[in-house]
file upload-v6.pdb (PDB, C-alpha atoms and all ligand atoms)
ATOM      1  CA  MET A   1     150.642  61.021 -52.353
ATOM      2  CA  PRO A   2     147.680  63.436 -52.375
ATOM      3  CA  ARG A   3     148.917  65.428 -55.381
ATOM      4  CA  ALA A   4     151.679  65.348 -57.940
ATOM      5  CA  HIS A   5     154.975  66.629 -56.565
ATOM      6  CA  THR A   6     156.953  69.210 -58.454
ATOM      7  CA  CYS A   7     160.543  68.590 -59.465
ATOM      8  CA  SER A   8     161.697  70.916 -56.774
ATOM      9  CA  GLU A   9     159.703  69.138 -54.024
ATOM     10  CA  LEU A  10     160.867  65.727 -55.147
ATOM     11  CA  LEU A  11     164.461  66.862 -55.291
ATOM     12  CA  ALA A  12     164.193  68.287 -51.777
ATOM     13  CA  GLU A  13     162.830  64.989 -50.480
ATOM     14  CA  GLY A  14     165.466  62.916 -52.325
ATOM     15  CA  THR A  15     168.273  65.194 -51.185
ATOM     16  CA  ALA A  16     167.187  64.922 -47.545
ATOM     17  CA  ARG A  17     167.126  61.122 -47.713
ATOM     18  CA  LEU A  18     170.501  60.896 -49.431
ATOM     19  CA  ARG A  19     172.042  63.357 -46.959
ATOM     20  CA  GLU A  20     170.707  61.353 -44.029
ATOM     21  CA  ALA A  21     172.291  58.242 -45.569
ATOM     22  CA  GLY A  22     175.684  59.981 -45.704
ATOM     23  CA  VAL A  23     175.905  60.362 -49.504
ATOM     24  CA  ASP A  24     178.627  62.910 -50.351
ATOM     25  CA  ARG A  25     176.854  65.333 -52.702
ATOM     26  CA  PRO A  26     173.196  64.595 -51.949
ATOM     27  CA  ARG A  27     171.597  67.417 -53.955
ATOM     28  CA  PHE A  28     173.722  66.737 -57.021
ATOM     29  CA  GLU A  29     172.999  63.009 -56.911
ATOM     30  CA  ALA A  30     169.282  63.619 -56.410
ATOM     31  CA  GLU A  31     169.292  65.773 -59.539
ATOM     32  CA  LEU A  32     171.207  63.152 -61.482
ATOM     33  CA  LEU A  33     168.866  60.383 -60.331
ATOM     34  CA  LEU A  34     165.743  62.316 -61.268
ATOM     35  CA  GLY A  35     167.309  63.152 -64.617
ATOM     36  CA  HIS A  36     168.127  59.482 -65.118
ATOM     37  CA  VAL A  37     164.589  58.321 -64.318
ATOM     38  CA  ALA A  38     163.041  61.037 -66.494
ATOM     39  CA  GLY A  39     165.517  60.522 -69.326
ATOM     40  CA  LEU A  40     166.250  64.234 -69.215
ATOM     41  CA  ARG A  41     169.435  66.172 -68.749
ATOM     42  CA  ARG A  42     169.860  67.534 -65.256
ATOM     43  CA  GLU A  43     170.021  71.107 -66.618
ATOM     44  CA  LYS A  44     166.621  70.720 -68.330
ATOM     45  CA  LEU A  45     165.035  69.436 -65.138
ATOM     46  CA  LEU A  46     166.287  72.402 -63.187
ATOM     47  CA  LEU A  47     164.614  74.717 -65.685
ATOM     48  CA  SER A  48     161.275  73.055 -64.949
ATOM     49  CA  ALA A  49     161.584  72.993 -61.174
ATOM     50  CA  GLN A  50     157.943  73.984 -60.572
ATOM     51  CA  LYS A  51     156.388  71.509 -63.055
ATOM     52  CA  PRO A  52     154.533  68.523 -61.602
ATOM     53  CA  VAL A  53     156.382  65.267 -62.166
ATOM     54  CA  PRO A  54     154.460  62.308 -63.693
ATOM     55  CA  ALA A  55     153.609  59.583 -61.157
ATOM     56  CA  ALA A  56     155.773  56.934 -62.862
ATOM     57  CA  TRP A  57     158.840  59.165 -62.619
ATOM     58  CA  GLN A  58     158.097  59.921 -58.972
ATOM     59  CA  ALA A  59     157.916  56.241 -58.138
ATOM     60  CA  GLY A  60     161.061  55.460 -60.155
ATOM     61  CA  PHE A  61     162.933  58.319 -58.523
ATOM     62  CA  LEU A  62     161.967  57.295 -54.993
ATOM     63  CA  ARG A  63     163.011  53.688 -55.707
ATOM     64  CA  ALA A  64     166.375  54.878 -57.017
ATOM     65  CA  VAL A  65     166.862  57.106 -53.959
ATOM     66  CA  THR A  66     166.051  54.185 -51.663
ATOM     67  CA  ARG A  67     168.661  51.992 -53.363
ATOM     68  CA  ARG A  68     171.298  54.716 -53.266
ATOM     69  CA  ALA A  69     170.497  55.554 -49.638
ATOM     70  CA  GLY A  70     170.975  51.853 -48.888
ATOM     71  CA  GLY A  71     174.607  52.194 -49.951
ATOM     72  CA  GLU A  72     174.360  50.770 -53.463
ATOM     73  CA  PRO A  73     176.927  52.411 -55.772
ATOM     74  CA  TYR A  74     175.495  55.127 -58.009
ATOM     75  CA  ALA A  75     176.640  53.290 -61.153
ATOM     76  CA  TYR A  76     174.560  50.200 -60.306
ATOM     77  CA  VAL A  77     171.475  52.272 -59.514
ATOM     78  CA  VAL A  78     171.570  53.951 -62.925
ATOM     79  CA  GLY A  79     173.113  50.920 -64.678
ATOM     80  CA  HIS A  80     175.803  52.943 -66.439
ATOM     81  CA  LYS A  81     179.377  54.074 -65.909
ATOM     82  CA  GLU A  82     181.614  56.174 -68.096
ATOM     83  CA  PHE A  83     185.103  54.866 -68.752
ATOM     84  CA  MET A  84     187.520  56.739 -71.016
ATOM     85  CA  SER A  85     184.559  58.610 -72.530
ATOM     86  CA  LEU A  86     182.679  55.371 -73.340
ATOM     87  CA  ASP A  87     179.241  54.879 -71.823
ATOM     88  CA  LEU A  88     179.198  51.326 -70.423
ATOM     89  CA  LEU A  89     176.328  49.307 -69.034
ATOM     90  CA  VAL A  90     177.155  47.900 -65.616
ATOM     91  CA  SER A  91     175.309  45.423 -63.424
ATOM     92  CA  PRO A  92     176.174  43.924 -60.047
ATOM     93  CA  HIS A  93     177.791  41.047 -61.994
ATOM     94  CA  VAL A  94     180.670  43.309 -62.994
ATOM     95  CA  LEU A  95     183.130  45.541 -61.202
ATOM     96  CA  ILE A  96     182.435  49.233 -61.756
ATOM     97  CA  PRO A  97     185.291  50.478 -63.970
ATOM     98  CA  ARG A  98     187.733  52.623 -61.976
ATOM     99  CA  PRO A  99     189.584  55.693 -63.226
ATOM    100  CA  GLU A 100     192.950  54.177 -62.224
ATOM    101  CA  THR A 101     192.401  51.440 -64.812
ATOM    102  CA  GLU A 102     192.705  54.007 -67.607
ATOM    103  CA  LEU A 103     196.460  53.679 -67.082
ATOM    104  CA  LEU A 104     196.330  50.080 -68.307
ATOM    105  CA  VAL A 105     194.554  51.145 -71.489
ATOM    106  CA  GLU A 106     196.836  54.124 -72.143
ATOM    107  CA  LEU A 107     199.976  52.018 -71.794
ATOM    108  CA  GLY A 108     198.515  49.322 -74.025
ATOM    109  CA  LEU A 109     197.471  51.776 -76.724
ATOM    110  CA  ARG A 110     200.837  53.499 -76.750
ATOM    111  CA  PHE A 111     202.616  50.164 -77.146
ATOM    112  CA  LEU A 112     200.295  48.949 -79.913
ATOM    113  CA  ARG A 113     200.512  52.207 -81.861
ATOM    114  CA  GLU A 114     204.282  52.199 -81.663
ATOM    115  CA  SER A 115     204.779  48.552 -82.517
ATOM    116  CA  TRP A 116     202.147  48.471 -85.252
ATOM    117  CA  PHE A 117     202.614  51.747 -87.076
ATOM    118  CA  LEU A 118     206.285  52.369 -86.457
ATOM    119  CA  GLU A 119     207.710  48.874 -86.629
ATOM    120  CA  GLY A 120     204.933  47.089 -88.548
ATOM    121  CA  SER A 121     202.978  44.352 -86.795
ATOM    122  CA  PRO A 122     205.023  41.186 -87.104
ATOM    123  CA  SER A 123     202.236  38.896 -85.963
ATOM    124  CA  ASP A 124     199.236  39.011 -88.281
ATOM    125  CA  PRO A 125     198.207  40.874 -91.446
ATOM    126  CA  ARG A 126     194.710  41.315 -89.973
ATOM    127  CA  GLY A 127     196.150  43.754 -87.437
ATOM    128  CA  PRO A 128     197.375  43.431 -83.882
ATOM    129  CA  LEU A 129     195.637  41.274 -81.298
ATOM    130  CA  ALA A 130     195.124  42.283 -77.680
ATOM    131  CA  ILE A 131     193.610  40.139 -74.941
ATOM    132  CA  ASP A 132     191.830  41.573 -71.890
ATOM    133  CA  VAL A 133     191.671  38.919 -69.176
ATOM    134  CA  GLY A 134     188.877  39.382 -66.641
ATOM    135  CA  THR A 135     187.063  41.918 -68.762
ATOM    136  CA  GLY A 136     184.005  42.452 -66.518
ATOM    137  CA  SER A 137     181.953  45.170 -68.211
ATOM    138  CA  GLY A 138     184.407  45.078 -71.134
ATOM    139  CA  ALA A 139     185.856  48.458 -70.145
ATOM    140  CA  VAL A 140     189.513  47.780 -70.956
ATOM    141  CA  ALA A 141     188.827  45.749 -74.108
ATOM    142  CA  LEU A 142     186.360  48.284 -75.508
ATOM    143  CA  ALA A 143     188.486  51.323 -74.700
ATOM    144  CA  LEU A 144     191.403  49.646 -76.493
ATOM    145  CA  ALA A 145     189.336  48.828 -79.565
ATOM    146  CA  HIS A 146     187.814  52.307 -79.566
ATOM    147  CA  GLY A 147     191.248  53.891 -79.270
ATOM    148  CA  LEU A 148     192.860  51.951 -82.098
ATOM    149  CA  PRO A 149     190.901  51.251 -85.278
ATOM    150  CA  GLY A 150     191.999  47.942 -86.784
ATOM    151  CA  LEU A 151     192.886  46.397 -83.436
ATOM    152  CA  ARG A 152     191.308  43.012 -82.693
ATOM    153  CA  VAL A 153     190.512  42.310 -79.059
ATOM    154  CA  LEU A 154     189.581  39.187 -77.155
ATOM    155  CA  ALA A 155     187.685  39.996 -73.979
ATOM    156  CA  LEU A 156     187.653  37.111 -71.487
ATOM    157  CA  ASP A 157     185.811  36.539 -68.268
ATOM    158  CA  VAL A 158     185.225  33.448 -66.160
ATOM    159  CA  SER A 159     181.757  34.733 -65.287
ATOM    160  CA  GLU A 160     179.094  34.106 -67.902
ATOM    161  CA  ALA A 161     177.024  36.953 -66.502
ATOM    162  CA  ALA A 162     179.965  39.353 -66.820
ATOM    163  CA  ALA A 163     180.738  38.158 -70.352
ATOM    164  CA  ALA A 164     177.112  38.858 -71.283
ATOM    165  CA  VAL A 165     177.443  42.450 -70.037
ATOM    166  CA  ALA A 166     180.696  42.892 -71.988
ATOM    167  CA  ALA A 167     179.075  41.502 -75.155
ATOM    168  CA  ARG A 168     176.136  43.891 -74.805
ATOM    169  CA  ASN A 169     178.518  46.794 -74.375
ATOM    170  CA  ALA A 170     180.516  45.739 -77.444
ATOM    171  CA  ALA A 171     177.301  45.645 -79.488
ATOM    172  CA  ARG A 172     176.001  48.976 -78.158
ATOM    173  CA  LEU A 173     179.274  50.696 -78.957
ATOM    174  CA  GLY A 174     179.435  49.223 -82.452
ATOM    175  CA  LEU A 175     182.653  47.383 -81.608
ATOM    176  CA  ALA A 176     181.409  43.780 -81.738
ATOM    177  CA  ASP A 177     183.097  43.170 -85.091
ATOM    178  CA  ARG A 178     186.512  43.663 -83.482
ATOM    179  CA  VAL A 179     185.893  42.723 -79.851
ATOM    180  CA  THR A 180     185.116  39.046 -79.277
ATOM    181  CA  VAL A 181     183.877  38.107 -75.835
ATOM    182  CA  LEU A 182     184.626  34.598 -74.566
ATOM    183  CA  VAL A 183     183.912  32.833 -71.287
ATOM    184  CA  SER A 184     187.325  31.626 -70.149
ATOM    185  CA  ASP A 185     189.059  30.846 -66.865
ATOM    186  CA  LEU A 186     192.060  33.148 -67.383
ATOM    187  CA  LEU A 187     193.834  32.021 -70.595
ATOM    188  CA  THR A 188     192.595  28.414 -70.641
ATOM    189  CA  SER A 189     189.745  28.423 -73.183
ATOM    190  CA  PRO A 190     190.384  26.087 -76.154
ATOM    191  CA  GLU A 191     189.031  28.886 -78.363
ATOM    192  CA  LEU A 192     192.053  31.079 -77.690
ATOM    193  CA  PRO A 193     194.635  31.663 -80.423
ATOM    194  CA  PRO A 194     197.829  29.561 -80.457
ATOM    195  CA  PRO A 195     200.890  30.333 -78.313
ATOM    196  CA  GLY A 196     203.066  33.240 -79.361
ATOM    197  CA  THR A 197     200.358  35.095 -81.294
ATOM    198  CA  ALA A 198     199.058  37.871 -79.041
ATOM    199  CA  ASP A 199     200.649  41.305 -79.221
ATOM    200  CA  LEU A 200     199.377  42.404 -75.840
ATOM    201  CA  VAL A 201     197.768  40.912 -72.736
ATOM    202  CA  LEU A 202     196.159  43.293 -70.265
ATOM    203  CA  ALA A 203     194.391  42.339 -67.066
ATOM    204  CA  ASN A 204     192.731  44.015 -64.151
ATOM    205  CA  LEU A 205     192.172  40.809 -62.210
ATOM    206  CA  PRO A 206     190.965  40.653 -58.617
ATOM    207  CA  TYR A 207     193.883  41.677 -56.397
ATOM    208  CA  VAL A 208     192.396  42.618 -53.045
ATOM    209  CA  PRO A 209     193.965  40.362 -50.381
ATOM    210  CA  ALA A 210     191.298  38.242 -48.676
ATOM    211  CA  GLY A 211     192.117  39.773 -45.265
ATOM    212  CA  VAL A 212     191.555  43.298 -46.574
ATOM    213  CA  PHE A 213     188.242  42.500 -48.249
ATOM    214  CA  GLY A 214     186.192  43.270 -45.147
ATOM    215  CA  LYS A 215     187.901  46.667 -44.852
ATOM    216  CA  LEU A 216     186.888  47.936 -48.301
ATOM    217  CA  ALA A 217     184.405  50.804 -48.470
ATOM    218  CA  PRO A 218     180.917  49.412 -47.680
ATOM    219  CA  GLY A 219     179.607  50.187 -51.186
ATOM    220  CA  VAL A 220     182.415  48.067 -52.638
ATOM    221  CA  ALA A 221     182.376  45.052 -50.310
ATOM    222  CA  SER A 222     178.593  44.685 -50.097
ATOM    223  CA  PHE A 223     177.609  45.397 -53.691
ATOM    224  CA  GLU A 224     180.458  44.701 -56.098
ATOM    225  CA  PRO A 225     181.137  41.067 -57.077
ATOM    226  CA  ARG A 226     183.555  39.349 -54.740
ATOM    227  CA  LEU A 227     184.670  37.289 -57.735
ATOM    228  CA  ALA A 228     186.018  40.492 -59.295
ATOM    229  CA  LEU A 229     187.871  41.726 -56.209
ATOM    230  CA  ASP A 230     189.089  38.903 -53.974
ATOM    231  CA  GLY A 231     192.593  37.887 -55.006
ATOM    232  CA  GLY A 232     193.144  35.193 -52.352
ATOM    233  CA  PRO A 233     195.503  35.275 -49.339
ATOM    234  CA  ASP A 234     198.007  37.848 -50.698
ATOM    235  CA  GLY A 235     195.770  39.177 -53.475
ATOM    236  CA  LEU A 236     197.915  37.646 -56.212
ATOM    237  CA  SER A 237     196.411  34.142 -56.550
ATOM    238  CA  LEU A 238     194.888  34.745 -59.972
ATOM    239  CA  ILE A 239     197.677  36.964 -61.243
ATOM    240  CA  ARG A 240     200.210  34.273 -60.285
ATOM    241  CA  ARG A 241     198.296  31.745 -62.426
ATOM    242  CA  LEU A 242     197.947  34.189 -65.298
ATOM    243  CA  VAL A 243     201.585  35.270 -65.703
ATOM    244  CA  PRO A 244     202.985  32.000 -67.163
ATOM    245  CA  GLN A 245     199.852  31.639 -69.350
ATOM    246  CA  ALA A 246     200.417  35.170 -70.651
ATOM    247  CA  ALA A 247     204.081  34.356 -71.326
ATOM    248  CA  ASP A 248     202.922  31.485 -73.544
ATOM    249  CA  ILE A 249     200.353  33.369 -75.597
ATOM    250  CA  ILE A 250     202.281  36.633 -76.129
ATOM    251  CA  ARG A 251     204.619  36.780 -79.125
ATOM    252  CA  PRO A 252     208.291  37.599 -78.505
ATOM    253  CA  GLY A 253     208.439  41.392 -78.313
ATOM    254  CA  GLY A 254     204.760  41.578 -77.293
ATOM    255  CA  ALA A 255     203.733  43.118 -73.987
ATOM    256  CA  CYS A 256     201.899  42.301 -70.796
ATOM    257  CA  ALA A 257     200.479  44.847 -68.358
ATOM    258  CA  LEU A 258     198.750  43.940 -65.123
ATOM    259  CA  GLU A 259     196.966  46.142 -62.628
ATOM    260  CA  CYS A 260     197.657  45.491 -58.952
ATOM    261  CA  GLY A 261     197.761  47.252 -55.608
ATOM    262  CA  PRO A 262     200.700  49.589 -54.842
ATOM    263  CA  GLU A 263     202.170  47.199 -52.273
ATOM    264  CA  GLN A 264     202.048  44.258 -54.715
ATOM    265  CA  CYS A 265     203.990  45.803 -57.606
ATOM    266  CA  THR A 266     207.448  44.626 -56.526
ATOM    267  CA  LEU A 267     206.296  41.052 -56.081
ATOM    268  CA  LEU A 268     204.508  41.128 -59.418
ATOM    269  CA  ALA A 269     207.557  42.569 -61.168
ATOM    270  CA  GLY A 270     209.520  39.551 -59.873
ATOM    271  CA  LEU A 271     206.839  37.154 -61.121
ATOM    272  CA  LEU A 272     206.973  38.659 -64.602
ATOM    273  CA  SER A 273     210.746  38.610 -64.821
ATOM    274  CA  ARG A 274     210.865  34.958 -63.703
ATOM    275  CA  SER A 275     208.327  34.007 -66.395
ATOM    276  CA  GLY A 276     210.218  35.357 -69.387
ATOM    277  CA  PHE A 277     209.419  39.075 -69.397
ATOM    278  CA  ALA A 278     212.076  41.762 -69.684
ATOM    279  CA  GLY A 279     212.065  45.568 -69.526
ATOM    280  CA  ILE A 280     209.872  45.442 -66.430
ATOM    281  CA  GLN A 281     208.423  48.803 -65.419
ATOM    282  CA  VAL A 282     206.085  49.912 -62.658
ATOM    283  CA  HIS A 283     203.698  52.718 -63.646
ATOM    284  CA  ARG A 284     201.810  55.067 -61.348
ATOM    285  CA  ASP A 285     198.103  55.892 -61.589
ATOM    286  CA  LEU A 286     196.448  59.323 -61.634
ATOM    287  CA  ALA A 287     196.651  59.433 -57.850
ATOM    288  CA  GLY A 288     200.416  58.787 -57.962
ATOM    289  CA  ARG A 289     200.167  55.217 -56.647
ATOM    290  CA  ALA A 290     202.129  52.356 -58.217
ATOM    291  CA  ARG A 291     199.378  50.527 -60.103
ATOM    292  CA  VAL A 292     200.475  48.734 -63.269
ATOM    293  CA  VAL A 293     203.398  46.391 -63.849
ATOM    294  CA  TRP A 294     204.585  46.175 -67.425
ATOM    295  CA  GLY A 295     206.862  43.712 -69.194
ATOM    296  CA  ILE A 296     207.957  42.760 -72.710
ATOM    297  CA  ARG A 297     208.023  39.095 -73.685
ATOM    298  CA  ASP A 298     211.624  38.262 -74.360
ATOM    299  CA  GLY A 299     212.771  36.387 -77.454
ATOM    300  CA  GLN A 300     213.410  32.963 -75.974
ATOM    301  CA  GLY A 301     210.835  30.338 -75.009
ATOM    302  CA  HIS A 302     209.067  30.328 -71.693
ATOM    303  CA  GLN A 303     211.037  28.287 -69.173
ATOM    304  CA  GLY A 304     208.532  27.856 -66.373
ATOM    305  CA  THR A 305     208.420  29.526 -63.006
ATOM    306  CA  GLY A 306     212.001  28.966 -61.869
ATOM    307  CA  GLY A 307     213.672  29.606 -65.229
ATOM    308  CA  ARG A 308     215.309  32.958 -65.485
ATOM    309  CA  GLY A 309     216.544  35.742 -63.268
TER
HETATM  310  N1  LIG B 401     191.087  49.005 -57.338
HETATM  311  C1  LIG B 401     189.985  48.197 -56.929
HETATM  312  C2  LIG B 401     189.525  48.585 -55.554
HETATM  313  O1  LIG B 401     190.336  48.961 -54.756
HETATM  314  C3  LIG B 401     190.333  46.728 -56.949
HETATM  315  C4  LIG B 401     190.188  46.219 -58.319
HETATM  316  C5  LIG B 401     190.628  44.806 -58.457
HETATM  317  O2  LIG B 401     190.674  43.993 -57.519
HETATM  318  N2  LIG B 401     190.948  44.465 -59.622
HETATM  319  O3  LIG B 401     188.367  48.549 -55.268
END
call {"tool": "encode", "arguments": {"input": "upload-v6.pdb", "output": "structure tokens"}}
result
Amino acid sequence: MPRAHTCSELLAEGTARLREAGVDRPRFEAELLLGHVAGLRREKLLLSAQKPVPAAWQAGFLRAVTRRAGGEPYAYVVGHKEFMSLDLLVSPHVLIPRPETELLVELGLRFLRESWFLEGSPSDPRGPLAIDVGTGSGAVALALAHGLPGLRVLALDVSEAAAAVAARNAARLGLADRVTVLVSDLLTSPELPPPGTADLVLANLPYVPAGVFGKLAPGVASFEPRLALDGGPDGLSLIRRLVPQAADIIRPGGACALECGPEQCTLLAGLLSRSGFAGIQVHRDLAGRARVVWGIRDGQGHQGTGGRG
């Protein structure tokens, strides 16, 4: 580059490249990316449109534009994603938290508030215990802990790399004293609490059917971890393993809520009711699609997969 570019010139160049790559709001994203690289709010940058931009920022900006133009999700390029007003670090080892997953957290918080404050937590004087299975970035676990002071949360992931991201997020948000991150294949870690002690199990496990995986938006299929999305032949392989494990660890009267695809909710409702859950409900997400199946652990012991109707 013969001379330093101004903000306005750089933004024009970035916008053109993002537009060519088919990015939806190219100018807006270019502004956000330059703001990210410069560590400045977008509004401040726009006030200094004619100022020359330092060479390091130019190079950083053009690298970010190249990644974004290559189809990489915006959240990975900047390394952050907001979820329920929490700023979370994300890396390609974790799924980018989705707005529809807020439903899981809202249902969980409502249940915990009601059963703790109104009925008194029957399980533990230290406060209620929630478990987030397949925590990824820690989004669900951290939003729960943030939303309910005094709640203890176990955040589990089979991926060590994902667990490391969740632990960093817990520390950054000052929630590490109440959110414990463990590497665990679903609910199998020996470090988990004994059966019948959890008040709530939430999970946004992989549920995309293997056959549909190739049809996901390119940014999803090529950049997000397959481990966090691919749910096997009908999408429910992991959820099917989890349900009886959840029935064991949840106390009678405790709750389980699982995110799934709209066409899987009926099947999942059946799985829960056969594993000792009652009061099954299907909840819709912000877009009106069936998204979360909810059940309350009934009072009698878990009787295995064929047990009850
Ligand atoms: N809702 C996500 C998607 O469609 C899938 C998340 C998941 O598999 N848990 O990309």
call {"tool": "residues_around", "arguments": {"input": "upload-v6.pdb", "residues": "Thr66 in chain A", "least_positions_apart": "5", "cutoff": "10 Å", "atoms": "only C-alpha atoms", "output": "list in words"}}
result
Gly14, Arg17, Leu18, Ala21, Gly60, Phe61, Gly71, Glu72 and Val77 of chain A
call {"tool": "resolve_selection", "arguments": {"input": "upload-v6.pdb", "expression": "the PyMOL selection byres (((chain A and resi 177) around 12) and not hetatm)", "output": "list in words"}}
result
Leu142, Ala145, His146, Pro149, Gly150, Leu151, Arg152, Val153, Leu154, Ala167, Ala170, Ala171, Arg172, Leu173, Gly174, Leu175, Ala176, Arg178, Val179, Thr180 and Val181 of chain A
call {"tool": "write_last_selection", "arguments": {"input": "upload-v6.pdb", "atoms": "C-alpha atoms", "output": "short mmCIF file (atom, residue, chain, number, x, y, z; two decimals), in the frame of the given file"}}
result
data_model
loop_
_atom_site.label_atom_id
_atom_site.label_comp_id
_atom_site.auth_asym_id
_atom_site.auth_seq_id
_atom_site.Cartn_x
_atom_site.Cartn_y
_atom_site.Cartn_z
CA LEU A 142 186.36 48.28 -75.51
CA ALA A 145 189.34 48.83 -79.56
CA HIS A 146 187.81 52.31 -79.57
CA PRO A 149 190.90 51.25 -85.28
CA GLY A 150 192.00 47.94 -86.78
CA LEU A 151 192.89 46.40 -83.44
CA ARG A 152 191.31 43.01 -82.69
CA VAL A 153 190.51 42.31 -79.06
CA LEU A 154 189.58 39.19 -77.16
CA ALA A 167 179.08 41.50 -75.16
CA ALA A 170 180.52 45.74 -77.44
CA ALA A 171 177.30 45.64 -79.49
CA ARG A 172 176.00 48.98 -78.16
CA LEU A 173 179.27 50.70 -78.96
CA GLY A 174 179.44 49.22 -82.45
CA LEU A 175 182.65 47.38 -81.61
CA ALA A 176 181.41 43.78 -81.74
CA ARG A 178 186.51 43.66 -83.48
CA VAL A 179 185.89 42.72 -79.85
CA THR A 180 185.12 39.05 -79.28
CA VAL A 181 183.88 38.11 -75.83
#
call {"tool": "residues_near_ligand", "arguments": {"input": "upload-v6.pdb", "ligand": "ligand LIG 401 (chain B)", "cutoff": "7 Å", "atoms": "only C-alpha atoms and all ligand atoms", "output": "ChimeraX atom specification"}}
result
/A:98,204-208,220,228-231,259-260
call {"tool": "write_last_selection", "arguments": {"input": "upload-v6.pdb", "atoms": "C-alpha atoms", "output": "compact mmCIF listing (two decimals), in the coordinates of the input"}}
result
# COMPACT_ATOMS: atom_id res chain seq x y z
CA ARG A 98 187.73 52.62 -61.98
CA ASN A 204 192.73 44.02 -64.15
CA LEU A 205 192.17 40.81 -62.21
CA PRO A 206 190.96 40.65 -58.62
CA TYR A 207 193.88 41.68 -56.40
CA VAL A 208 192.40 42.62 -53.04
CA VAL A 220 182.42 48.07 -52.64
CA ALA A 228 186.02 40.49 -59.30
CA LEU A 229 187.87 41.73 -56.21
CA ASP A 230 189.09 38.90 -53.97
CA GLY A 231 192.59 37.89 -55.01
CA GLU A 259 196.97 46.14 -62.63
CA CYS A 260 197.66 45.49 -58.95
call {"tool": "residues_around", "arguments": {"input": "upload-v6.pdb", "residues": "Gly219 in chain A", "least_positions_apart": "2", "cutoff": "10 Å", "atoms": "all atoms listed in the file", "output": "PDB file with C-alpha atoms, keeping the file's coordinate frame"}}
result
ATOM      1  CA  ARG A  68     171.298  54.716 -53.266  1.00  0.00           C
ATOM      2  CA  GLY A  70     170.975  51.853 -48.888  1.00  0.00           C
ATOM      3  CA  GLY A  71     174.607  52.194 -49.951  1.00  0.00           C
ATOM      4  CA  GLU A  72     174.360  50.770 -53.463  1.00  0.00           C
ATOM      5  CA  PRO A  73     176.927  52.411 -55.772  1.00  0.00           C
ATOM      6  CA  TYR A  74     175.495  55.127 -58.009  1.00  0.00           C
ATOM      7  CA  LEU A 216     186.888  47.936 -48.301  1.00  0.00           C
ATOM      8  CA  ALA A 217     184.405  50.804 -48.470  1.00  0.00           C
ATOM      9  CA  ALA A 221     182.376  45.052 -50.310  1.00  0.00           C
ATOM     10  CA  SER A 222     178.593  44.685 -50.097  1.00  0.00           C
ATOM     11  CA  PHE A 223     177.609  45.397 -53.691  1.00  0.00           C
ATOM     12  CA  GLU A 224     180.458  44.701 -56.098  1.00  0.00           C
TER      13      GLU A 224
END
call {"tool": "resolve_selection", "arguments": {"input": "upload-v6.pdb", "expression": "the PyMOL selection byres (((chain A and resi 155) around 10) and not hetatm)", "output": "VMD selection string"}}
result
chain A and resid 130 to 142 152 to 154 156 to 157 163 166 to 167 170 179 to 184 202 to 203
call {"tool": "closest_residue", "arguments": {"input": "upload-v6.pdb", "among": "A:Ser159, A:Glu29, A:Val90, A:Phe83", "to": "Leu103 in chain A", "atoms": "all atoms listed in the file"}}
result
A:Phe83
call {"tool": "closest_residue", "arguments": {"input": "upload-v6.pdb", "among": "A:Val94, A:Val23, A:Leu187, A:Val37", "to": "Pro225 in chain A", "atoms": "only C-alpha atoms"}}
result
A:Val94
call {"tool": "axis_aligned_box", "arguments": {"input": "upload-v6.pdb", "around": "range 15-18 of chain A", "padding_each_side": "6 Å", "output": "JSON"}}
result
{"center_x": 168.8, "center_y": 63.0, "center_z": -49.4, "size_x": 15.4, "size_y": 16.3, "size_z": 15.6}
call {"tool": "residues_around", "arguments": {"input": "upload-v6.pdb", "residues": "range 276-285 of chain A", "least_positions_apart": "2", "cutoff": "7 Å", "atoms": "all atoms listed in the file", "output": "VMD selection string"}}
result
chain A and resid 100 103 247 265 269 272 to 274 287 to 298 302 308
call {"tool": "atom_distance", "arguments": {"input": "upload-v6.pdb", "atom1": "CA of Pro52 in chain A", "atom2": "CA of Gly22 in chain A"}}
result
27.8 Å
call {"tool": "atom_distance", "arguments": {"input": "upload-v6.pdb", "atom1": "CA of Ala255 in chain A", "atom2": "CA of Ser275 in chain A"}}
result
12.7 Å
